[in-house]
Structure formats: structure tokens, C-alpha cells
Amino acid sequence: QVRLVESGGGLIQAGGSLRLSCAASGSIFGFTAMGWYRQAPGKQRELVATINKGGSINSAKSVQGRFTISRDNAKNTVDLQMNSLKPEDTAVYYCNTIDYGLKNYWGQGTQVTVSS
């Protein structure tokens with residue numbers, strides 16, 4: 001059974017930095033895409049950034065230049081380094097992975113709150 005364990009998040013002032021980490025386990029063949037989504041109160045869940053096993057990245061324009069996604073294929077981990085945080089980045093951040101059967105998995109979510 002696939003399991004995602006997230007860490008990081010918390011309360012930070014605008015302009016600060018946070019790092020989110022996600023460790024995936026339970027898939028014999030590993031994962032194709034790994035990444036992060038977020039959901040702010042009253043809004044739909046949205047893409048933050050994803051990275052495939054070859055290192056290709058897809059990210060939201062709102063975070064480009066501020067957030068960096070990286071993964072360790074050997075450890076099945078994906079990290080999100082968030083710099084220059086803004087109040088509008090406040091949301092619950094969810095780790096997401098897709099296995100080679102194209103099945104989606106989600107973490108439990110971690111709260112990021114950016115104060116102005």
C-alpha cells in the first residue's frame with residue numbers, strides 16, 4: 001500500500017522561506033511524477049509544481065522564481081523549497097505521486113500560513 005509522509009510547513013512571515021518534504025513508500029516500481037498541490041480556503045486545489053523521474057518540471061506561474069522542486073528517485077522523496085513567501089501562498093499543501101499504473105496518491109496535507 002502506497003503511503004506518503006509529509007513534513008515541513010508552519011507559520012512564517014512574508015518574505016521568509018520554508019521547505020516541504022514528502023517521502024513515498026509502498027510501490028515496487030517507484031513513481032513517475034511526484035509533486036505538490038495546494039488548496040486555500042474557499043478555493044479549488046491547484047498545481048504548485050511537479051517533477052517526473054527524468055527531472056522535467058511543471059510549475060505554476062505564480063511560484064516560478066520563488067519555489068524550487070526537487071526529488072530523489074532512489075529514496076522516492078520530493079521536496080519543495082519555498083522562498084520569498086507571500087500571504088497568498090497560504091494554503092494546505094498536498095504531496096502527490098503517480099505510480100506506473102497511473103494511479104494518483106495524496107498525502108494528508110500540511111498547513112503553510114504566511115503572515116503579512
# chains A, B, ... in the order shown; residues from 1 in each chain; ligands from 1
call {"tool": "residues_around", "arguments": {"residues": "Ser17 of chain A", "least_positions_apart": "2", "cutoff": "12 Å", "atoms": "only C-alpha atoms", "output": "mmCIF file with all heavy atoms, in the first residue's frame"}}
result
data_model
loop_
_atom_site.group_PDB
_atom_site.id
_atom_site.type_symbol
_atom_site.label_atom_id
_atom_site.label_comp_id
_atom_site.auth_asym_id
_atom_site.auth_seq_id
_atom_site.Cartn_x
_atom_site.Cartn_y
_atom_site.Cartn_z
ATOM 1 N N GLY A 8 7.352 19.495 7.256
ATOM 2 C CA GLY A 8 7.587 20.894 6.957
ATOM 3 C C GLY A 8 6.301 21.675 7.135
ATOM 4 O O GLY A 8 5.341 21.194 7.698
ATOM 5 N N GLY A 9 6.264 22.861 6.614
ATOM 6 C CA GLY A 9 5.093 23.697 6.777
ATOM 7 C C GLY A 9 5.156 24.468 8.086
ATOM 8 O O GLY A 9 6.094 24.333 8.858
ATOM 9 N N GLY A 10 4.152 25.289 8.323
ATOM 10 C CA GLY A 10 4.087 26.068 9.547
ATOM 11 C C GLY A 10 3.723 27.503 9.279
ATOM 12 O O GLY A 10 3.203 27.846 8.213
ATOM 13 N N LEU A 11 4.012 28.339 10.266
ATOM 14 C CA LEU A 11 3.703 29.772 10.195
ATOM 15 C C LEU A 11 4.985 30.540 9.939
ATOM 16 O O LEU A 11 6.000 30.330 10.623
ATOM 17 C CB LEU A 11 3.064 30.217 11.510
ATOM 18 C CG LEU A 11 2.793 31.709 11.679
ATOM 19 C CD1 LEU A 11 1.775 32.191 10.655
ATOM 20 C CD2 LEU A 11 2.303 31.989 13.102
ATOM 21 N N ILE A 12 4.937 31.426 8.958
ATOM 22 C CA ILE A 12 6.123 32.179 8.586
ATOM 23 C C ILE A 12 5.703 33.574 8.167
ATOM 24 O O ILE A 12 4.576 33.779 7.687
ATOM 25 C CB ILE A 12 6.871 31.470 7.422
ATOM 26 C CG1 ILE A 12 8.249 32.081 7.195
ATOM 27 C CG2 ILE A 12 6.044 31.492 6.155
ATOM 28 C CD1 ILE A 12 9.291 31.614 8.138
ATOM 29 N N GLN A 13 6.584 34.544 8.366
ATOM 30 C CA GLN A 13 6.301 35.904 7.920
ATOM 31 C C GLN A 13 6.558 36.040 6.424
ATOM 32 O O GLN A 13 7.379 35.313 5.846
ATOM 33 C CB GLN A 13 7.157 36.899 8.688
ATOM 34 C CG GLN A 13 6.719 37.132 10.121
ATOM 35 C CD GLN A 13 7.434 38.310 10.763
ATOM 36 O OE1 GLN A 13 8.569 38.605 10.434
ATOM 37 N NE2 GLN A 13 6.762 38.971 11.696
ATOM 38 N N ALA A 14 5.874 36.969 5.825
ATOM 39 C CA ALA A 14 6.077 37.236 4.399
ATOM 40 C C ALA A 14 7.550 37.523 4.135
ATOM 41 O O ALA A 14 8.212 38.221 4.907
ATOM 42 C CB ALA A 14 5.213 38.408 3.954
ATOM 43 N N GLY A 15 8.032 36.969 3.024
ATOM 44 C CA GLY A 15 9.434 37.122 2.674
ATOM 45 C C GLY A 15 10.307 35.997 3.174
ATOM 46 O O GLY A 15 11.476 35.876 2.759
ATOM 47 N N ARG A 19 10.558 24.795 3.803
ATOM 48 C CA ARG A 19 10.846 23.626 2.965
ATOM 49 C C ARG A 19 9.873 22.516 3.328
ATOM 50 O O ARG A 19 9.746 22.159 4.503
ATOM 51 C CB ARG A 19 12.276 23.148 3.167
ATOM 52 C CG ARG A 19 12.704 22.053 2.194
ATOM 53 C CD ARG A 19 14.172 21.706 2.376
ATOM 54 N NE ARG A 19 14.665 20.746 1.391
ATOM 55 C CZ ARG A 19 15.173 21.088 0.214
ATOM 56 N NH1 ARG A 19 15.258 22.373 -0.116
ATOM 57 N NH2 ARG A 19 15.610 20.166 -0.620
ATOM 58 N N LEU A 20 9.208 22.000 2.322
ATOM 59 C CA LEU A 20 8.310 20.865 2.492
ATOM 60 C C LEU A 20 8.994 19.609 1.947
ATOM 61 O O LEU A 20 9.678 19.668 0.919
ATOM 62 C CB LEU A 20 6.994 21.083 1.751
ATOM 63 C CG LEU A 20 6.209 22.343 2.075
ATOM 64 C CD1 LEU A 20 4.906 22.373 1.267
ATOM 65 C CD2 LEU A 20 5.919 22.448 3.552
ATOM 66 N N ARG A 66 10.422 31.548 -7.293
ATOM 67 C CA ARG A 66 10.408 31.573 -5.830
ATOM 68 C C ARG A 66 10.472 30.161 -5.229
ATOM 69 O O ARG A 66 11.099 29.954 -4.199
ATOM 70 C CB ARG A 66 9.149 32.256 -5.327
ATOM 71 C CG ARG A 66 8.991 33.691 -5.794
ATOM 72 C CD ARG A 66 7.804 34.375 -5.113
ATOM 73 N NE ARG A 66 6.534 33.723 -5.420
ATOM 74 C CZ ARG A 66 5.689 33.251 -4.510
ATOM 75 N NH1 ARG A 66 5.978 33.359 -3.222
ATOM 76 N NH2 ARG A 66 4.553 32.694 -4.874
ATOM 77 N N PHE A 67 9.796 29.213 -5.856
ATOM 78 C CA PHE A 67 9.745 27.840 -5.352
ATOM 79 C C PHE A 67 10.610 26.942 -6.227
ATOM 80 O O PHE A 67 10.641 27.104 -7.444
ATOM 81 C CB PHE A 67 8.321 27.302 -5.368
ATOM 82 C CG PHE A 67 7.376 27.955 -4.400
ATOM 83 C CD1 PHE A 67 7.707 29.096 -3.690
ATOM 84 C CD2 PHE A 67 6.109 27.406 -4.204
ATOM 85 C CE1 PHE A 67 6.829 29.682 -2.802
ATOM 86 C CE2 PHE A 67 5.212 27.985 -3.331
ATOM 87 C CZ PHE A 67 5.586 29.126 -2.636
ATOM 88 N N THR A 68 11.259 25.983 -5.587
ATOM 89 C CA THR A 68 12.082 25.010 -6.307
ATOM 90 C C THR A 68 11.686 23.604 -5.874
ATOM 91 O O THR A 68 11.674 23.308 -4.678
ATOM 92 C CB THR A 68 13.572 25.231 -6.026
ATOM 93 O OG1 THR A 68 13.943 26.560 -6.420
ATOM 94 C CG2 THR A 68 14.411 24.232 -6.818
ATOM 95 N N LEU A 80 10.013 20.625 -1.677
ATOM 96 C CA LEU A 80 9.610 21.914 -2.235
ATOM 97 C C LEU A 80 10.238 23.003 -1.376
ATOM 98 O O LEU A 80 9.849 23.182 -0.225
ATOM 99 C CB LEU A 80 8.090 22.052 -2.253
ATOM 100 C CG LEU A 80 7.559 23.311 -2.924
ATOM 101 C CD1 LEU A 80 7.808 23.255 -4.434
ATOM 102 C CD2 LEU A 80 6.064 23.489 -2.644
ATOM 103 N N GLN A 81 11.215 23.683 -1.943
ATOM 104 C CA GLN A 81 11.834 24.822 -1.259
ATOM 105 C C GLN A 81 11.071 26.072 -1.653
ATOM 106 O O GLN A 81 10.975 26.398 -2.839
ATOM 107 C CB GLN A 81 13.308 24.950 -1.671
ATOM 108 C CG GLN A 81 14.006 26.145 -1.060
ATOM 109 C CD GLN A 81 14.128 26.058 0.444
ATOM 110 O OE1 GLN A 81 14.424 25.002 0.992
ATOM 111 N NE2 GLN A 81 13.889 27.181 1.137
ATOM 112 N N MET A 82 10.518 26.738 -0.657
ATOM 113 C CA MET A 82 9.680 27.903 -0.906
ATOM 114 C C MET A 82 10.363 29.139 -0.342
ATOM 115 O O MET A 82 10.567 29.233 0.881
ATOM 116 C CB MET A 82 8.304 27.712 -0.259
ATOM 117 C CG MET A 82 7.601 26.440 -0.710
ATOM 118 S SD MET A 82 5.931 26.284 -0.052
ATOM 119 C CE MET A 82 6.276 26.076 1.683
ATOM 120 N N ASN A 83 10.737 30.053 -1.219
ATOM 121 C CA ASN A 83 11.391 31.293 -0.822
ATOM 122 C C ASN A 83 10.485 32.484 -1.134
ATOM 123 O O ASN A 83 9.541 32.381 -1.924
ATOM 124 C CB ASN A 83 12.723 31.445 -1.549
ATOM 125 C CG ASN A 83 13.703 30.340 -1.224
ATOM 126 O OD1 ASN A 83 13.721 29.810 -0.108
ATOM 127 N ND2 ASN A 83 14.519 29.978 -2.195
ATOM 128 N N SER A 84 10.795 33.606 -0.545
ATOM 129 C CA SER A 84 10.039 34.840 -0.787
ATOM 130 C C SER A 84 8.540 34.597 -0.654
ATOM 131 O O SER A 84 7.753 35.002 -1.527
ATOM 132 C CB SER A 84 10.375 35.405 -2.174
ATOM 133 O OG SER A 84 11.759 35.648 -2.294
ATOM 134 N N LEU A 85 8.155 33.957 0.407
ATOM 135 C CA LEU A 85 6.755 33.599 0.595
ATOM 136 C C LEU A 85 5.875 34.827 0.731
ATOM 137 O O LEU A 85 6.286 35.854 1.298
ATOM 138 C CB LEU A 85 6.601 32.693 1.812
ATOM 139 C CG LEU A 85 6.998 31.232 1.549
ATOM 140 C CD1 LEU A 85 7.307 30.513 2.851
ATOM 141 C CD2 LEU A 85 5.894 30.525 0.784
ATOM 142 N N LYS A 86 4.665 34.714 0.201
ATOM 143 C CA LYS A 86 3.686 35.798 0.218
ATOM 144 C C LYS A 86 2.436 35.325 0.958
ATOM 145 O O LYS A 86 2.166 34.111 1.012
ATOM 146 C CB LYS A 86 3.310 36.175 -1.218
ATOM 147 C CG LYS A 86 4.477 36.563 -2.107
ATOM 148 C CD LYS A 86 4.001 36.814 -3.528
ATOM 149 C CE LYS A 86 5.161 37.191 -4.436
ATOM 150 N NZ LYS A 86 4.703 37.425 -5.840
ATOM 151 N N ASP A 89 0.323 32.716 -0.604
ATOM 152 C CA ASP A 89 0.795 31.331 -0.636
ATOM 153 C C ASP A 89 0.169 30.508 0.499
ATOM 154 O O ASP A 89 0.377 29.288 0.561
ATOM 155 C CB ASP A 89 2.317 31.270 -0.513
ATOM 156 C CG ASP A 89 3.028 31.876 -1.699
ATOM 157 O OD1 ASP A 89 2.586 31.637 -2.840
ATOM 158 O OD2 ASP A 89 4.022 32.601 -1.493
ATOM 159 N N VAL A 112 0.524 25.655 5.466
ATOM 160 C CA VAL A 112 1.503 26.740 5.341
ATOM 161 C C VAL A 112 0.729 28.046 5.505
ATOM 162 O O VAL A 112 -0.218 28.306 4.755
ATOM 163 C CB VAL A 112 2.216 26.704 3.981
ATOM 164 C CG1 VAL A 112 3.065 27.957 3.801
ATOM 165 C CG2 VAL A 112 3.081 25.456 3.863
ATOM 166 N N THR A 113 1.135 28.842 6.478
ATOM 167 C CA THR A 113 0.490 30.122 6.732
ATOM 168 C C THR A 113 1.545 31.211 6.665
ATOM 169 O O THR A 113 2.543 31.156 7.382
ATOM 170 C CB THR A 113 -0.189 30.142 8.098
ATOM 171 O OG1 THR A 113 -1.147 29.073 8.172
ATOM 172 C CG2 THR A 113 -0.909 31.465 8.322
ATOM 173 N N VAL A 114 1.310 32.182 5.792
ATOM 174 C CA VAL A 114 2.244 33.285 5.615
ATOM 175 C C VAL A 114 1.571 34.561 6.114
ATOM 176 O O VAL A 114 0.534 34.972 5.573
ATOM 177 C CB VAL A 114 2.661 33.445 4.146
ATOM 178 C CG1 VAL A 114 3.720 34.538 4.018
ATOM 179 C CG2 VAL A 114 3.181 32.130 3.585
#
call {"tool": "residues_around", "arguments": {"residues": "Gly55 of chain A", "least_positions_apart": "5", "cutoff": "12 Å", "atoms": "only C-alpha atoms", "output": "number ranges by chain"}}
result
A: 32-35, 49-50, 69-73, 78
call {"tool": "atom_distance", "arguments": {"atom1": "atom CA of Gln39 of chain A", "atom2": "atom CA of Val92 of chain A"}}
result
5.3 Å
call {"tool": "closest_residue", "arguments": {"among": "A:Ala91, A:Gly26, A:Lys75, A:Ser7", "to": "Gln44 of chain A", "atoms": "only C-alpha atoms"}}
result
A:Ala91
call {"tool": "closest_residue", "arguments": {"among": "A:Gln108, A:Lys43, A:Tyr37, A:Gly16", "to": "Asn58 of chain A", "atoms": "only C-alpha atoms"}}
result
A:Tyr37
call {"tool": "select_by_dssp", "arguments": {"residues": "segment 5-57 of chain A", "states": "strand (DSSP E or B)", "output": "PyMOL selection string"}}
result
chain A and resi 5-7+10-13+18-25+31-39+46-51+57
call {"tool": "closest_residue", "arguments": {"among": "A:Val5, A:Ala74, A:Leu47, A:Ala24", "to": "Thr97 of chain A", "atoms": "only C-alpha atoms"}}
result
A:Ala24
call {"tool": "closest_residue", "arguments": {"among": "A:Lys53, A:Arg3, A:Arg38, A:Arg45", "to": "Tyr93 of chain A", "atoms": "only C-alpha atoms"}}
result
A:Arg38
call {"tool": "residues_around", "arguments": {"residues": "Asp99 of chain A", "least_positions_apart": "2", "cutoff": "10 Å", "atoms": "only C-alpha atoms", "output": "list in words"}}
result
Val2, Ser27, Ile28, Phe29, Gly30, Phe31, Thr32, Ala33, Met34, Thr97, Gly101, Leu102, Lys103, Asn104 and Tyr105 of chain A
call {"tool": "closest_residue", "arguments": {"among": "A:Ser115, A:Cys95, A:Leu4, A:Gly109", "to": "Val48 of chain A", "atoms": "only C-alpha atoms"}}
result
A:Cys95
call {"tool": "atom_distance", "arguments": {"atom1": "atom CA of Gln64 of chain A", "atom2": "atom CA of Asn52 of chain A"}}
result
17.1 Å
call {"tool": "atom_distance", "arguments": {"atom1": "atom CA of Gln1 of chain A", "atom2": "atom CA of Thr110 of chain A"}}
result
21.0 Å
call {"tool": "decode", "arguments": {"residues": "segment 57-105 of chain A", "atoms": "N, CA and C atoms", "output": "compact mmCIF listing (two decimals), in the first residue's frame"}}
result
# COMPACT_ATOMS: atom_id res chain seq x y z
N ILE A 57 10.16 19.52 -15.08
CA ILE A 57 9.36 20.21 -14.08
C ILE A 57 8.22 20.98 -14.74
N ASN A 58 7.07 20.92 -14.08
CA ASN A 58 5.93 21.73 -14.46
C ASN A 58 5.52 22.51 -13.21
N SER A 59 5.44 23.84 -13.32
CA SER A 59 5.11 24.63 -12.14
C SER A 59 4.17 25.76 -12.47
N ALA A 60 3.45 26.21 -11.47
CA ALA A 60 2.54 27.33 -11.64
C ALA A 60 3.33 28.62 -11.83
N LYS A 61 2.80 29.50 -12.66
CA LYS A 61 3.49 30.76 -12.92
C LYS A 61 3.64 31.58 -11.64
N SER A 62 2.68 31.44 -10.74
CA SER A 62 2.70 32.24 -9.52
C SER A 62 3.86 31.89 -8.60
N VAL A 63 4.47 30.73 -8.78
CA VAL A 63 5.56 30.33 -7.89
C VAL A 63 6.91 30.29 -8.60
N GLN A 64 6.89 30.46 -9.90
CA GLN A 64 8.16 30.40 -10.65
C GLN A 64 9.10 31.51 -10.18
N GLY A 65 10.35 31.14 -9.98
CA GLY A 65 11.34 32.09 -9.49
C GLY A 65 11.40 32.16 -7.98
N ARG A 66 10.42 31.55 -7.29
CA ARG A 66 10.41 31.57 -5.83
C ARG A 66 10.47 30.16 -5.23
N PHE A 67 9.80 29.21 -5.86
CA PHE A 67 9.75 27.84 -5.35
C PHE A 67 10.61 26.94 -6.23
N THR A 68 11.26 25.98 -5.59
CA THR A 68 12.08 25.01 -6.31
C THR A 68 11.69 23.60 -5.87
N ILE A 69 11.38 22.77 -6.85
CA ILE A 69 11.03 21.38 -6.56
C ILE A 69 12.20 20.48 -6.91
N SER A 70 12.40 19.46 -6.10
CA SER A 70 13.47 18.50 -6.37
C SER A 70 13.02 17.12 -5.89
N ARG A 71 13.63 16.09 -6.42
CA ARG A 71 13.28 14.73 -5.98
C ARG A 71 14.51 13.85 -5.95
N ASP A 72 14.43 12.84 -5.12
CA ASP A 72 15.47 11.82 -5.03
C ASP A 72 14.83 10.52 -5.45
N ASN A 73 15.15 10.06 -6.65
CA ASN A 73 14.50 8.86 -7.18
C ASN A 73 14.83 7.61 -6.36
N ALA A 74 16.03 7.57 -5.83
CA ALA A 74 16.43 6.39 -5.05
C ALA A 74 15.64 6.28 -3.75
N LYS A 75 15.31 7.43 -3.18
CA LYS A 75 14.61 7.45 -1.90
C LYS A 75 13.12 7.69 -2.05
N ASN A 76 12.66 7.97 -3.27
CA ASN A 76 11.25 8.30 -3.51
C ASN A 76 10.80 9.47 -2.63
N THR A 77 11.60 10.51 -2.63
CA THR A 77 11.24 11.72 -1.90
C THR A 77 11.14 12.90 -2.85
N VAL A 78 10.31 13.85 -2.49
CA VAL A 78 10.17 15.08 -3.25
C VAL A 78 10.12 16.24 -2.27
N ASP A 79 10.90 17.27 -2.54
CA ASP A 79 10.99 18.44 -1.68
C ASP A 79 10.52 19.68 -2.43
N LEU A 80 10.01 20.63 -1.68
CA LEU A 80 9.61 21.91 -2.24
C LEU A 80 10.24 23.00 -1.38
N GLN A 81 11.22 23.68 -1.94
CA GLN A 81 11.83 24.82 -1.26
C GLN A 81 11.07 26.07 -1.65
N MET A 82 10.52 26.74 -0.66
CA MET A 82 9.68 27.90 -0.91
C MET A 82 10.36 29.14 -0.34
N ASN A 83 10.74 30.05 -1.22
CA ASN A 83 11.39 31.29 -0.82
C ASN A 83 10.49 32.48 -1.13
N SER A 84 10.79 33.61 -0.55
CA SER A 84 10.04 34.84 -0.79
C SER A 84 8.54 34.60 -0.65
N LEU A 85 8.16 33.96 0.41
CA LEU A 85 6.76 33.60 0.59
C LEU A 85 5.87 34.83 0.73
N LYS A 86 4.66 34.71 0.20
CA LYS A 86 3.69 35.80 0.22
C LYS A 86 2.44 35.32 0.96
N PRO A 87 1.65 36.24 1.49
CA PRO A 87 0.40 35.84 2.16
C PRO A 87 -0.50 35.00 1.27
N GLU A 88 -0.49 35.25 -0.02
CA GLU A 88 -1.33 34.48 -0.94
C GLU A 88 -0.83 33.05 -1.15
N ASP A 89 0.32 32.72 -0.60
CA ASP A 89 0.79 31.33 -0.64
C ASP A 89 0.17 30.51 0.50
N THR A 90 -0.55 31.16 1.38
CA THR A 90 -1.19 30.45 2.49
C THR A 90 -2.18 29.42 1.97
N ALA A 91 -2.00 28.17 2.39
CA ALA A 91 -2.84 27.09 1.91
C ALA A 91 -2.44 25.80 2.61
N VAL A 92 -3.24 24.78 2.41
CA VAL A 92 -2.81 23.43 2.77
C VAL A 92 -2.10 22.85 1.56
N TYR A 93 -0.89 22.38 1.77
CA TYR A 93 -0.08 21.84 0.68
C TYR A 93 -0.13 20.31 0.73
N TYR A 94 -0.41 19.71 -0.42
CA TYR A 94 -0.55 18.26 -0.52
C TYR A 94 0.53 17.67 -1.43
N CYS A 95 1.16 16.65 -0.94
CA CYS A 95 2.08 15.88 -1.76
C CYS A 95 1.27 14.95 -2.67
N ASN A 96 1.73 14.79 -3.88
CA ASN A 96 1.03 13.92 -4.85
C ASN A 96 2.05 13.06 -5.59
N THR A 97 1.72 11.81 -5.79
CA THR A 97 2.55 10.95 -6.62
C THR A 97 1.67 10.14 -7.56
N ILE A 98 2.25 9.72 -8.65
CA ILE A 98 1.57 8.88 -9.62
C ILE A 98 2.44 7.67 -9.88
N ASP A 99 1.87 6.48 -9.73
CA ASP A 99 2.66 5.28 -9.97
C ASP A 99 2.62 4.89 -11.45
N TYR A 100 3.28 3.81 -11.81
CA TYR A 100 3.36 3.44 -13.21
C TYR A 100 2.07 2.83 -13.74
N GLY A 101 1.12 2.61 -12.85
CA GLY A 101 -0.23 2.26 -13.28
C GLY A 101 -1.10 3.48 -13.44
N LEU A 102 -0.48 4.66 -13.34
CA LEU A 102 -1.14 5.96 -13.47
C LEU A 102 -2.19 6.18 -12.38
N LYS A 103 -1.95 5.61 -11.22
CA LYS A 103 -2.84 5.85 -10.09
C LYS A 103 -2.28 6.98 -9.25
N ASN A 104 -3.17 7.89 -8.83
CA ASN A 104 -2.80 9.04 -8.02
C ASN A 104 -2.84 8.72 -6.53
N TYR A 105 -1.89 9.27 -5.82
CA TYR A 105 -1.88 9.16 -4.37
C TYR A 105 -1.66 10.55 -3.76
